[in-house]
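Peer 1: What follows is a single structure, and I will ask about it in a moment.
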2 protein chains.
Amino acid sequence: MLTLLLAEAELELVPKEVLNHPCAVAYAKKRGKKGSNILLDSTIHHPALKKLEDGWRRGRPDIVHFFLLISLDSILNYEGKLAIVVHTRENKLIKIDRGTKLPKNYMRFIGLIEQLYQNKYVPNKETPLLRIENNRTIGDIIRKLKGRKILFSEKGRNENLCEYFKKYDDVVCIIGGFPEGNFKANLDNLIDDKISLSTHPFPSWTIASEVIVSYRLSKITSPS
Amino acid sequence: MLTLLLAEAELELVPKEVLNHPCAVAYAKKRGKKGSNILLDSTIHHPALKKLEDGWRRGRPDIVHFFLLISLDSILNYEGKLAIVVHTRENKLIKIDRGTKLPKNYMRFIGLIEQLYQNKYVPNKETPLLRIENNRTIGDIIRKLKGRKILFSEKGRNENLCEYFKKYDDVVCIIGGFPEGNFKANLDNLIDDKISLSTHPFPSWTIASEVIVSYRLSKITSPS
């Protein structure tokens, strides 16, 4: 089983420091929603982000959207060999059922995640496809996941992932859910390995795609 | 070099049979554009598609969008080893410069492709990132591309792509740009091989992702 953990994802509701900024007020009015029930989005709230701590990296639901679409649509997921979890900057944990058909439309995805933040479950508590839990630090989450724990970082060691994965059955791959830069938490004591796919920074979904395909390839033997 | 050809992609302007349908008229008005300069989109024009030939599969710019985003963002593309071309149902050929930063926002992508259909070049003729040419049949295109030609089809032979690609340097992978079903053209005499990744149908971008990652893996030797 491959577990993908998108960690420190820049997903959060509009914080109180931003709520009264004209860009946030106008956007909330346009959507006919209460400002505090709306996801922070750098393409909308960028004028207000400048003064916010870590403002340059916050408000990136698009990263989570693409990461989930690519993961859920993968052959590995169809084969039942992929588990997907998202950890956010506020230590929320989102669990995603592998059968989830996520909206490809970005605004419909935004609406769905806002519904999740309000109700804790989507579509409902009885048969949830998405669930959100509070107060789950990245350390807690990593400790509870089963398998060899690999952090993907530009500072890691270069590896041929397909050869590498042949050595392990259960693997947990930790990928940053932020646009660039480093993890805020020090994860060195929680992981077994640190791997780099390139010294150039790539989007989270590109790393996810490399990991998912390589893992699947490592587990099949060629019929030829 | 890996060349990805998204073939028979369901990308076209609103055809004349659909132009006067209320759904097309309302959408053109909303966007403040001439109806005939707008891309056919099944999510918008589905009431009009029912009566159209192949209506069930037409109007899928979202497939092209995702395919291009995943391909352009790949490590293989960054390394300069990927060429990307799109062939459409009307025998148009779209050439994409590998440095293109495509809008992730779907509506901005739609606007860009509509601009491409009008001007033949985007952003301009002098330094085009996207170019469109008419009257390029899939046969013409495949014949001119260099490398071993592989069609991806649910009816193909199962292969470990990583092992397979080790045998060839230049590879042309042909992936359907339509939601489901078969290629309309018979490509059997133009290809060297027909490969299946699964008997289950997967989106074009999932196949693209498998091909891109496997090709890159096949060309690197493990340092371990």
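Identifiers in this document derive from the order of the structure tokens: chains are assigned A, B, ..., residues are numbered from 1 separately in each chain, and ligands are numbered from 1 in order of occurrence.
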Got a sec to tell me which of region 2-207 of chain A DSSP assigns to alpha helix (DSSP H), as a ChimeraX atom specification?
Peer 2: /A:16-19,22-31,42-49,61-72,75-78,106-119,138-144,161-165,204-207
Peer 1: Pull out every residue of chain B sitting within 6 Å of chain A, counting only C-alpha atoms, and send them as number ranges by chain.
Peer 2: B: 74, 160, 206, 210, 213, 222
Peer 1: Nearest to Ala7 (chain A): which of A:Arg89, A:Arg108, A:Lys125, A:Lys33 is it, counting only C-alpha atoms?
Peer 2: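 Selected residue with least distance to Ala7 (chain A): A:Arg89.
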Peer 1: What residues in region 42-159 of chain A get the DSSP label strand (DSSP E)? Please answer as a ChimeraX atom specification.
Peer 2: /A:82-88,93-96,121-122,130-133,148-158
Peer 1: Residues at most 9 Å from Asp188 (chain A), counting only C-alpha atoms, excluding those fewer than 5 positions away in the same chain, as a ChimeraX atom specification?
Peer 2: /A:151,193-194
Peer 1: Please produce a file of those selected residues containing N, CA, C and O atoms, as a CSV table (one decimal), in the first residue's frame.
Peer 2:
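File produced: selection_17.csv:
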```csv
chain,number,residue,atom,x,y,z
A,151,LEU,N,10.3,11.5,3.0
A,151,LEU,CA,9.9,12.9,2.8
A,151,LEU,C,10.5,13.3,1.5
A,151,LEU,O,11.7,13.0,1.1
A,193,ASP,N,13.6,8.3,5.4
A,193,ASP,CA,14.5,8.7,4.3
A,193,ASP,C,14.0,10.1,3.7
A,193,ASP,O,12.8,10.5,3.9
A,194,LYS,N,14.9,10.8,3.0
A,194,LYS,CA,14.6,12.0,2.4
A,194,LYS,C,15.1,11.9,1.0
A,194,LYS,O,16.2,11.7,0.7
```
Peer 1: To one decimal place, how far is CA of Arg98 (chain A) from CA of Arg60 (chain B) in Å?
Peer 2: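 The value is 24.8 Å.
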Peer 1: Hey, can you check how far CA of Leu19 (chain B) sits from CA of Pro123 (chain B)?
Peer 2: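 About the pair CA of Leu19 (chain B) and CA of Pro123 (chain B): they are 27.1 Å apart.
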Peer 1: Fewer than 4 positions away in the same chain doesn't count, so skip those; otherwise give me all residues within 12 Å of Lys184 (chain B), counting only C-alpha atoms, as a ChimeraX atom specification.
Peer 2: /B:7-10,54,57,88-90,137-139,176-178,180,188
